[in-house]
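Next up, work.cif (mmCIF, C-alpha atoms and all ligand atoms):
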data_final
#
loop_
_atom_site.group_PDB
_atom_site.id
_atom_site.type_symbol
_atom_site.label_atom_id
_atom_site.label_comp_id
_atom_site.auth_asym_id
_atom_site.auth_seq_id
_atom_site.Cartn_x
_atom_site.Cartn_y
_atom_site.Cartn_z
ATOM 1 C CA MET A 30 86.379 126.698 179.539
ATOM 2 C CA ARG A 31 88.587 125.115 176.874
ATOM 3 C CA THR A 32 90.601 128.292 176.595
ATOM 4 C CA TRP A 33 91.373 128.785 180.277
ATOM 5 C CA GLY A 34 93.572 125.691 180.643
ATOM 6 C CA ARG A 35 95.794 126.998 177.899
ATOM 7 C CA SER A 36 95.931 130.442 179.422
ATOM 8 C CA LEU A 37 97.196 129.127 182.740
ATOM 9 C CA VAL A 38 99.908 127.122 181.004
ATOM 10 C CA VAL A 39 101.024 130.178 179.072
ATOM 11 C CA ALA A 40 101.058 132.336 182.186
ATOM 12 C CA GLY A 41 103.021 129.627 183.998
ATOM 13 C CA LEU A 42 105.615 129.382 181.254
ATOM 14 C CA ALA A 43 105.957 133.121 181.067
ATOM 15 C CA ALA A 44 106.386 133.350 184.842
ATOM 16 C CA THR A 45 109.083 130.672 184.783
ATOM 17 C CA GLN A 46 111.008 132.316 181.989
ATOM 18 C CA LEU A 47 110.807 135.779 183.420
ATOM 19 C CA THR A 48 111.053 135.152 187.163
ATOM 20 C CA ASN A 49 114.534 136.570 187.527
ATOM 21 C CA ALA A 50 114.198 139.377 185.039
ATOM 22 C CA TYR A 51 112.306 141.976 187.088
ATOM 23 C CA GLU A 52 113.328 143.979 190.136
ATOM 24 C CA LEU A 53 110.178 145.632 191.405
ATOM 25 C CA ASP A 54 110.116 148.310 194.104
ATOM 26 C CA LEU A 55 106.447 148.816 194.942
ATOM 27 C CA SER A 56 107.191 152.098 196.710
ATOM 28 C CA SER A 57 108.582 153.646 193.517
ATOM 29 C CA LYS A 58 106.331 154.830 190.710
ATOM 30 C CA GLU A 59 109.323 154.760 188.358
ATOM 31 C CA SER A 60 110.133 151.167 189.268
ATOM 32 C CA ILE A 61 106.529 150.110 188.675
ATOM 33 C CA LYS A 62 106.552 151.814 185.274
ATOM 34 C CA ASP A 63 109.951 150.317 184.386
ATOM 35 C CA VAL A 64 108.825 146.806 185.223
ATOM 36 C CA ALA A 65 105.541 147.313 183.369
ATOM 37 C CA ARG A 66 107.536 148.482 180.355
ATOM 38 C CA SER A 67 109.779 145.399 180.516
ATOM 39 C CA ILE A 68 106.791 143.071 180.811
ATOM 40 C CA ALA A 69 105.097 144.744 177.844
ATOM 41 C CA GLU A 70 108.308 144.433 175.808
ATOM 42 C CA ASP A 71 108.667 140.766 176.727
ATOM 43 C CA MET A 72 105.028 140.098 175.894
ATOM 44 C CA MET A 73 105.440 141.746 172.510
ATOM 45 C CA THR A 74 108.320 139.414 171.587
ATOM 46 C CA PHE A 75 105.510 136.838 171.159
ATOM 47 C CA TYR A 76 103.472 139.060 168.833
ATOM 48 C CA THR A 77 104.073 138.807 165.103
ATOM 49 C CA GLY A 78 101.014 140.622 163.722
ATOM 50 C CA ASN A 79 103.061 143.730 162.961
ATOM 51 C CA LEU A 80 105.661 141.879 160.876
ATOM 52 C CA PRO A 81 105.642 141.831 157.061
ATOM 53 C CA GLY A 82 103.370 139.113 155.677
ATOM 54 C CA GLU A 83 101.718 138.431 159.036
ATOM 55 C CA VAL A 84 98.103 139.147 159.934
ATOM 56 C CA PRO A 85 97.522 142.171 162.198
ATOM 57 C CA GLY A 86 95.932 141.251 165.505
ATOM 58 C CA LEU A 87 97.058 137.617 165.522
ATOM 59 C CA LEU A 88 99.567 135.779 167.668
ATOM 60 C CA PRO A 89 101.337 132.864 165.967
ATOM 61 C CA ASP A 90 100.521 129.228 166.751
ATOM 62 C CA PRO A 91 99.852 127.845 169.320
ATOM 63 C CA TYR A 92 98.166 130.943 170.676
ATOM 64 C CA TYR A 93 94.444 131.437 170.360
ATOM 65 C CA TRP A 94 92.700 134.411 168.852
ATOM 66 C CA TRP A 95 91.240 135.405 172.219
ATOM 67 C CA GLU A 96 94.748 135.646 173.636
ATOM 68 C CA SER A 97 95.636 138.359 171.160
ATOM 69 C CA GLY A 98 92.440 140.141 172.215
ATOM 70 C CA ALA A 99 93.684 139.954 175.802
ATOM 71 C CA LEU A 100 97.086 141.222 174.654
ATOM 72 C CA MET A 101 95.448 144.228 172.987
ATOM 73 C CA GLY A 102 93.419 145.009 176.104
ATOM 74 C CA SER A 103 96.452 144.744 178.378
ATOM 75 C CA LEU A 104 98.398 147.134 176.152
ATOM 76 C CA ILE A 105 95.564 149.654 176.379
ATOM 77 C CA ASP A 106 95.750 149.381 180.173
ATOM 78 C CA TYR A 107 99.524 149.690 179.921
ATOM 79 C CA TRP A 108 99.301 152.892 177.896
ATOM 80 C CA TYR A 109 96.610 154.316 180.185
ATOM 81 C CA TYR A 110 98.542 153.731 183.401
ATOM 82 C CA THR A 111 102.062 154.572 182.156
ATOM 83 C CA GLY A 112 101.480 157.145 179.417
ATOM 84 C CA ASP A 113 103.805 155.141 177.154
ATOM 85 C CA THR A 114 102.365 155.247 173.621
ATOM 86 C CA ARG A 115 104.975 152.904 172.139
ATOM 87 C CA TRP A 116 102.532 150.070 171.289
ATOM 88 C CA ASN A 117 99.463 152.149 170.455
ATOM 89 C CA ASP A 118 99.760 152.015 166.665
ATOM 90 C CA ILE A 119 100.170 148.237 166.717
ATOM 91 C CA VAL A 120 97.174 147.916 169.036
ATOM 92 C CA GLU A 121 95.006 150.150 166.860
ATOM 93 C CA GLU A 122 96.003 148.224 163.737
ATOM 94 C CA GLY A 123 95.273 144.849 165.343
ATOM 95 C CA LEU A 124 91.974 145.896 166.890
ATOM 96 C CA LEU A 125 90.723 147.322 163.605
ATOM 97 C CA PHE A 126 91.928 144.445 161.435
ATOM 98 C CA GLN A 127 90.046 141.798 163.407
ATOM 99 C CA VAL A 128 86.597 143.428 163.514
ATOM 100 C CA GLY A 129 85.069 141.087 160.905
ATOM 101 C CA PRO A 130 82.546 142.030 158.181
ATOM 102 C CA ASN A 131 79.877 143.159 160.687
ATOM 103 C CA ASN A 132 82.238 145.138 162.944
ATOM 104 C CA ASP A 133 81.434 142.890 165.899
ATOM 105 C CA TYR A 134 84.571 140.763 166.319
ATOM 106 C CA MET A 135 83.213 137.727 164.539
ATOM 107 C CA PRO A 136 85.803 137.438 161.743
ATOM 108 C CA PRO A 137 85.112 134.384 159.532
ATOM 109 C CA ASN A 138 88.601 132.987 160.238
ATOM 110 C CA GLN A 139 87.689 132.559 163.901
ATOM 111 C CA THR A 140 83.986 131.811 164.126
ATOM 112 C CA LEU A 141 84.434 128.019 163.879
ATOM 113 C CA THR A 142 85.928 127.973 167.378
ATOM 114 C CA GLU A 143 84.769 131.337 168.703
ATOM 115 C CA GLY A 144 82.778 131.442 171.943
ATOM 116 C CA ASN A 145 81.310 134.377 173.796
ATOM 117 C CA ASP A 146 84.393 134.456 175.998
ATOM 118 C CA ASP A 147 86.754 134.676 173.017
ATOM 119 C CA GLN A 148 84.758 137.487 171.440
ATOM 120 C CA GLY A 149 84.472 139.059 174.878
ATOM 121 C CA PHE A 150 88.220 139.606 175.175
ATOM 122 C CA TRP A 151 88.133 141.783 172.056
ATOM 123 C CA GLY A 152 84.965 143.473 173.286
ATOM 124 C CA MET A 153 86.603 144.312 176.618
ATOM 125 C CA ALA A 154 89.663 145.683 174.814
ATOM 126 C CA VAL A 155 87.590 148.126 172.750
ATOM 127 C CA LEU A 156 85.492 148.973 175.796
ATOM 128 C CA SER A 157 88.704 149.998 177.566
ATOM 129 C CA ALA A 158 89.712 151.953 174.462
ATOM 130 C CA ALA A 159 86.397 153.829 174.596
ATOM 131 C CA GLU A 160 86.506 154.442 178.362
ATOM 132 C CA TYR A 161 90.143 155.554 178.482
ATOM 133 C CA LYS A 162 89.824 157.659 175.336
ATOM 134 C CA PHE A 163 92.441 155.728 173.430
ATOM 135 C CA LYS A 164 93.113 157.588 170.192
ATOM 136 C CA ASP A 165 90.136 157.423 167.872
ATOM 137 C CA PRO A 166 90.282 155.201 164.788
ATOM 138 C CA PRO A 167 90.299 156.959 161.408
ATOM 139 C CA ARG A 168 86.875 158.369 160.535
ATOM 140 C CA ASP A 169 86.228 155.721 157.874
ATOM 141 C CA LYS A 170 86.700 152.922 160.449
ATOM 142 C CA PRO A 171 84.325 151.710 163.166
ATOM 143 C CA GLN A 172 84.841 153.575 166.442
ATOM 144 C CA TRP A 173 85.696 151.902 169.770
ATOM 145 C CA LEU A 174 82.331 152.405 171.453
ATOM 146 C CA ALA A 175 80.419 151.178 168.406
ATOM 147 C CA LEU A 176 82.560 148.027 168.331
ATOM 148 C CA ALA A 177 81.957 147.357 172.023
ATOM 149 C CA GLN A 178 78.221 147.902 171.543
ATOM 150 C CA ALA A 179 78.191 145.506 168.591
ATOM 151 C CA VAL A 180 79.840 142.809 170.704
ATOM 152 C CA PHE A 181 77.287 143.369 173.447
ATOM 153 C CA ASN A 182 74.366 143.334 171.020
ATOM 154 C CA SER A 183 75.495 140.116 169.341
ATOM 155 C CA GLN A 184 75.913 138.386 172.705
ATOM 156 C CA ALA A 185 72.697 139.716 174.212
ATOM 157 C CA ALA A 186 70.779 138.387 171.193
ATOM 158 C CA ARG A 187 72.385 134.950 171.583
HETATM 159 C C1 LIG B 1 92.076 135.310 157.569
HETATM 160 O O1 LIG B 1 93.011 134.349 157.100
HETATM 161 C C2 LIG B 1 93.623 134.686 155.858
HETATM 162 C C3 LIG B 1 94.514 133.520 155.462
HETATM 163 O O2 LIG B 1 95.475 133.266 156.452
HETATM 164 C C4 LIG B 1 94.393 135.994 155.981
HETATM 165 O O3 LIG B 1 94.944 136.367 154.744
HETATM 166 C C5 LIG B 1 93.436 137.085 156.465
HETATM 167 O O4 LIG B 1 94.170 138.270 156.670
HETATM 168 C C6 LIG B 1 92.773 136.651 157.751
HETATM 169 N N1 LIG B 1 91.830 137.679 158.199
HETATM 170 C C7 LIG B 1 91.815 138.078 159.479
HETATM 171 C C8 LIG B 1 90.793 139.129 159.809
HETATM 172 O O5 LIG B 1 92.529 137.622 160.362
#

What's the structure tokens form of this structure?
Amino acid sequence: MRTWGRSLVVAGLAATQLTNAYELDLSSKESIKDVARSIAEDMMTFYTGNLPGEVPGLLPDPYYWWESGALMGSLIDYWYYTGDTRWNDIVEEGLLFQVGPNNDYMPPNQTLTEGNDDQGFWGMAVLSAAEYKFKDPPRDKPQWLALAQAVFNSQAAR
């Protein structure tokens, strides 16, 4: 539960900052896609994992590791529903960098504070990747379905 309080604060801050920025016409597919694109762009101003010297898949302090898992999953949804591939390479890089030595989203940097829910955000992201047929990782990397299965197996055993 520790993580949820933080998530609500973040969502609240984001809503306050962005309240006036979006003009959404729910009857227009283009408007919905435009607003989704703006929200994705705004969200990605928080992400630094694609910058030189930063760690792929991580948001900077004070954000938690699970929040970047949620970010990855939301960008997979975004791509699936809009067809916009703009963030896909960053998502693939982040998802594959954080798999940990056993390819189950238990990277040693995170396990001290990692709960099932934290790991679950990454698991849900790769499950979406598998279900939506997000572009496959390179052959020498773990594949989306295998990663999702590994998360399930580690949690089922616990
Ligand atoms: C773990 O932390 C170290 C030190 O910050 C960093 O170099 C490494 O890339 C991190 N690994 C992951 C998977 O985040």

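Of the listed residues A:Leu124, A:Leu100, A:Ile119, A:Ile105, the one whose atoms come nearest to ligand LIG 1 (chain B) is A:Leu124, with distances taken using only C-alpha atoms and all ligand atoms.
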
As AutoDock Vina command-line options, what would the box around ligand LIG 1 (chain B) look like: edges along x, y and z, 5 Å added on every side, centre and edge lengths in Å to one decimal?
--center_x 93.1 --center_y 136.2 --center_z 157.6 --size_x 14.7 --size_y 15.9 --size_z 15.6

Residue with smallest distance to Gln184 (chain A) - pool A:Tyr134, A:Phe75, A:Trp108, A:Trp95, counting only C-alpha atoms =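 Looking only at the distances to Gln184 (chain A), the closest residue turns out to be A:Tyr134.
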
Counting all atoms listed in the file, the option among A:Ser67, A:Ser103, A:Ser56, A:Asn132 closest to ligand LIG 1 (chain B) = A:Asn132

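CA of Lys162 (chain A) is found 13.4 Å from CA of Ala175 (chain A).
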
ask   = Between CA of Asn117 (chain A) and CA of Asp146 (chain A), what is the distance, to one decimal in Å?
value =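 It comes out at 23.9 Å.
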
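One distance worth recording is that between atom C6 of ligand LIG 1 (chain B) and CA of Tyr107 (chain A), which is 26.6 Å.
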
Close residues, Ala177 (chain A) itself excluded, 12 Å, all atoms listed in the file, min 4 positions apart in chain, as a compact mmCIF listing (two decimals) with C-alpha atoms, keeping the file's coordinate frame:
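That gives us result39.txt:
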# COMPACT_ATOMS: atom_id res chain seq x y z
CA LEU A 124 91.97 145.90 166.89
CA VAL A 128 86.60 143.43 163.51
CA ASN A 132 82.24 145.14 162.94
CA ASP A 133 81.43 142.89 165.90
CA TYR A 134 84.57 140.76 166.32
CA GLN A 148 84.76 137.49 171.44
CA GLY A 149 84.47 139.06 174.88
CA PHE A 150 88.22 139.61 175.18
CA TRP A 151 88.13 141.78 172.06
CA GLY A 152 84.96 143.47 173.29
CA MET A 153 86.60 144.31 176.62
CA ALA A 154 89.66 145.68 174.81
CA VAL A 155 87.59 148.13 172.75
CA LEU A 156 85.49 148.97 175.80
CA SER A 157 88.70 150.00 177.57
CA ALA A 158 89.71 151.95 174.46
CA ALA A 159 86.40 153.83 174.60
CA GLU A 160 86.51 154.44 178.36
CA PRO A 171 84.32 151.71 163.17
CA GLN A 172 84.84 153.57 166.44
CA TRP A 173 85.70 151.90 169.77
CA PHE A 181 77.29 143.37 173.45
CA ASN A 182 74.37 143.33 171.02
CA SER A 183 75.50 140.12 169.34
CA GLN A 184 75.91 138.39 172.70

inquiry  = Considering all atoms listed in the file, can you say which of A:Thr114, A:Thr140, A:Ser57, A:Gln178 comes closest to ligand LIG 1 (chain B)?
reply    = A:Thr140

Can you give me all heavy atoms for region 133-144 of chain A, written as a PDB file, in the coordinates of the input?
ATOM      1  N   ASP A 133      81.853 143.392 164.574  1.00  0.00           N
ATOM      2  CA  ASP A 133      81.434 142.890 165.899  1.00  0.00           C
ATOM      3  C   ASP A 133      82.378 141.791 166.428  1.00  0.00           C
ATOM      4  O   ASP A 133      82.002 140.997 167.273  1.00  0.00           O
ATOM      5  CB  ASP A 133      80.000 142.358 165.842  1.00  0.00           C
ATOM      6  CG  ASP A 133      79.850 141.223 164.833  1.00  0.00           C
ATOM      7  OD1 ASP A 133      80.856 140.839 164.171  1.00  0.00           O
ATOM      8  OD2 ASP A 133      78.724 140.705 164.690  1.00  0.00           O
ATOM      9  N   TYR A 134      83.576 141.773 165.902  1.00  0.00           N
ATOM     10  CA  TYR A 134      84.571 140.763 166.319  1.00  0.00           C
ATOM     11  C   TYR A 134      84.072 139.331 166.142  1.00  0.00           C
ATOM     12  O   TYR A 134      84.203 138.484 167.017  1.00  0.00           O
ATOM     13  CB  TYR A 134      85.066 141.034 167.757  1.00  0.00           C
ATOM     14  CG  TYR A 134      85.935 142.263 167.773  1.00  0.00           C
ATOM     15  CD1 TYR A 134      85.462 143.460 168.274  1.00  0.00           C
ATOM     16  CD2 TYR A 134      87.203 142.244 167.202  1.00  0.00           C
ATOM     17  CE1 TYR A 134      86.236 144.617 168.222  1.00  0.00           C
ATOM     18  CE2 TYR A 134      87.978 143.393 167.146  1.00  0.00           C
ATOM     19  CZ  TYR A 134      87.494 144.570 167.656  1.00  0.00           C
ATOM     20  OH  TYR A 134      88.262 145.694 167.592  1.00  0.00           O
ATOM     21  N   MET A 135      83.502 139.085 164.964  1.00  0.00           N
ATOM     22  CA  MET A 135      83.213 137.727 164.539  1.00  0.00           C
ATOM     23  C   MET A 135      83.831 137.524 163.150  1.00  0.00           C
ATOM     24  O   MET A 135      83.121 137.287 162.179  1.00  0.00           O
ATOM     25  CB  MET A 135      81.698 137.473 164.539  1.00  0.00           C
ATOM     26  CG  MET A 135      81.151 137.666 165.927  1.00  0.00           C
ATOM     27  SD  MET A 135      79.785 136.654 166.472  1.00  0.00           S
ATOM     28  CE  MET A 135      79.689 135.281 165.444  1.00  0.00           C
ATOM     29  N   PRO A 136      85.152 137.616 163.047  1.00  0.00           N
ATOM     30  CA  PRO A 136      85.803 137.438 161.743  1.00  0.00           C
ATOM     31  C   PRO A 136      85.674 135.979 161.295  1.00  0.00           C
ATOM     32  O   PRO A 136      85.822 135.065 162.115  1.00  0.00           O
ATOM     33  CB  PRO A 136      87.269 137.813 162.010  1.00  0.00           C
ATOM     34  CG  PRO A 136      87.460 137.567 163.469  1.00  0.00           C
ATOM     35  CD  PRO A 136      86.128 137.848 164.122  1.00  0.00           C
ATOM     36  N   PRO A 137      85.353 135.753 160.023  1.00  0.00           N
ATOM     37  CA  PRO A 137      85.112 134.384 159.532  1.00  0.00           C
ATOM     38  C   PRO A 137      86.251 133.416 159.859  1.00  0.00           C
ATOM     39  O   PRO A 137      85.999 132.231 160.093  1.00  0.00           O
ATOM     40  CB  PRO A 137      84.951 134.573 158.024  1.00  0.00           C
ATOM     41  CG  PRO A 137      84.428 135.967 157.893  1.00  0.00           C
ATOM     42  CD  PRO A 137      85.086 136.756 158.991  1.00  0.00           C
ATOM     43  N   ASN A 138      87.490 133.892 159.914  1.00  0.00           N
ATOM     44  CA  ASN A 138      88.601 132.987 160.238  1.00  0.00           C
ATOM     45  C   ASN A 138      88.484 132.387 161.636  1.00  0.00           C
ATOM     46  O   ASN A 138      89.153 131.413 161.932  1.00  0.00           O
ATOM     47  CB  ASN A 138      89.951 133.735 160.198  1.00  0.00           C
ATOM     48  CG  ASN A 138      90.386 134.070 158.790  1.00  0.00           C
ATOM     49  OD1 ASN A 138      89.748 133.681 157.822  1.00  0.00           O
ATOM     50  ND2 ASN A 138      91.495 134.791 158.680  1.00  0.00           N
ATOM     51  N   GLN A 139      87.707 132.977 162.496  1.00  0.00           N
ATOM     52  CA  GLN A 139      87.689 132.559 163.901  1.00  0.00           C
ATOM     53  C   GLN A 139      86.376 131.941 164.347  1.00  0.00           C
ATOM     54  O   GLN A 139      86.336 131.277 165.382  1.00  0.00           O
ATOM     55  CB  GLN A 139      87.990 133.773 164.809  1.00  0.00           C
ATOM     56  CG  GLN A 139      89.272 134.503 164.471  1.00  0.00           C
ATOM     57  CD  GLN A 139      90.501 133.629 164.606  1.00  0.00           C
ATOM     58  OE1 GLN A 139      90.519 132.675 165.381  1.00  0.00           O
ATOM     59  NE2 GLN A 139      91.543 133.953 163.857  1.00  0.00           N
ATOM     60  N   THR A 140      85.307 132.145 163.591  1.00  0.00           N
ATOM     61  CA  THR A 140      83.986 131.811 164.126  1.00  0.00           C
ATOM     62  C   THR A 140      83.789 130.313 164.358  1.00  0.00           C
ATOM     63  O   THR A 140      82.945 129.925 165.155  1.00  0.00           O
ATOM     64  CB  THR A 140      82.856 132.342 163.217  1.00  0.00           C
ATOM     65  OG1 THR A 140      83.165 131.999 161.865  1.00  0.00           O
ATOM     66  CG2 THR A 140      82.714 133.843 163.350  1.00  0.00           C
ATOM     67  N   LEU A 141      84.571 129.465 163.684  1.00  0.00           N
ATOM     68  CA  LEU A 141      84.434 128.019 163.879  1.00  0.00           C
ATOM     69  C   LEU A 141      84.665 127.637 165.338  1.00  0.00           C
ATOM     70  O   LEU A 141      84.030 126.730 165.858  1.00  0.00           O
ATOM     71  CB  LEU A 141      85.436 127.287 162.972  1.00  0.00           C
ATOM     72  CG  LEU A 141      85.231 125.790 162.789  1.00  0.00           C
ATOM     73  CD1 LEU A 141      83.875 125.510 162.134  1.00  0.00           C
ATOM     74  CD2 LEU A 141      86.354 125.207 161.940  1.00  0.00           C
ATOM     75  N   THR A 142      85.588 128.323 165.990  1.00  0.00           N
ATOM     76  CA  THR A 142      85.928 127.973 167.378  1.00  0.00           C
ATOM     77  C   THR A 142      85.664 129.122 168.340  1.00  0.00           C
ATOM     78  O   THR A 142      86.133 129.107 169.464  1.00  0.00           O
ATOM     79  CB  THR A 142      87.421 127.596 167.496  1.00  0.00           C
ATOM     80  OG1 THR A 142      88.215 128.699 167.042  1.00  0.00           O
ATOM     81  CG2 THR A 142      87.747 126.363 166.687  1.00  0.00           C
ATOM     82  N   GLU A 143      84.922 130.130 167.884  1.00  0.00           N
ATOM     83  CA  GLU A 143      84.769 131.337 168.703  1.00  0.00           C
ATOM     84  C   GLU A 143      83.584 131.225 169.655  1.00  0.00           C
ATOM     85  O   GLU A 143      82.455 131.027 169.233  1.00  0.00           O
ATOM     86  CB  GLU A 143      84.592 132.553 167.771  1.00  0.00           C
ATOM     87  CG  GLU A 143      84.553 133.868 168.534  1.00  0.00           C
ATOM     88  CD  GLU A 143      84.468 135.081 167.605  1.00  0.00           C
ATOM     89  OE1 GLU A 143      84.770 134.963 166.401  1.00  0.00           O
ATOM     90  OE2 GLU A 143      84.087 136.152 168.098  1.00  0.00           O
ATOM     91  N   GLY A 144      83.851 131.380 170.945  1.00  0.00           N
ATOM     92  CA  GLY A 144      82.778 131.442 171.943  1.00  0.00           C
ATOM     93  C   GLY A 144      82.577 132.872 172.407  1.00  0.00           C
ATOM     94  O   GLY A 144      83.346 133.775 172.052  1.00  0.00           O
TER      95      GLY A 144
END
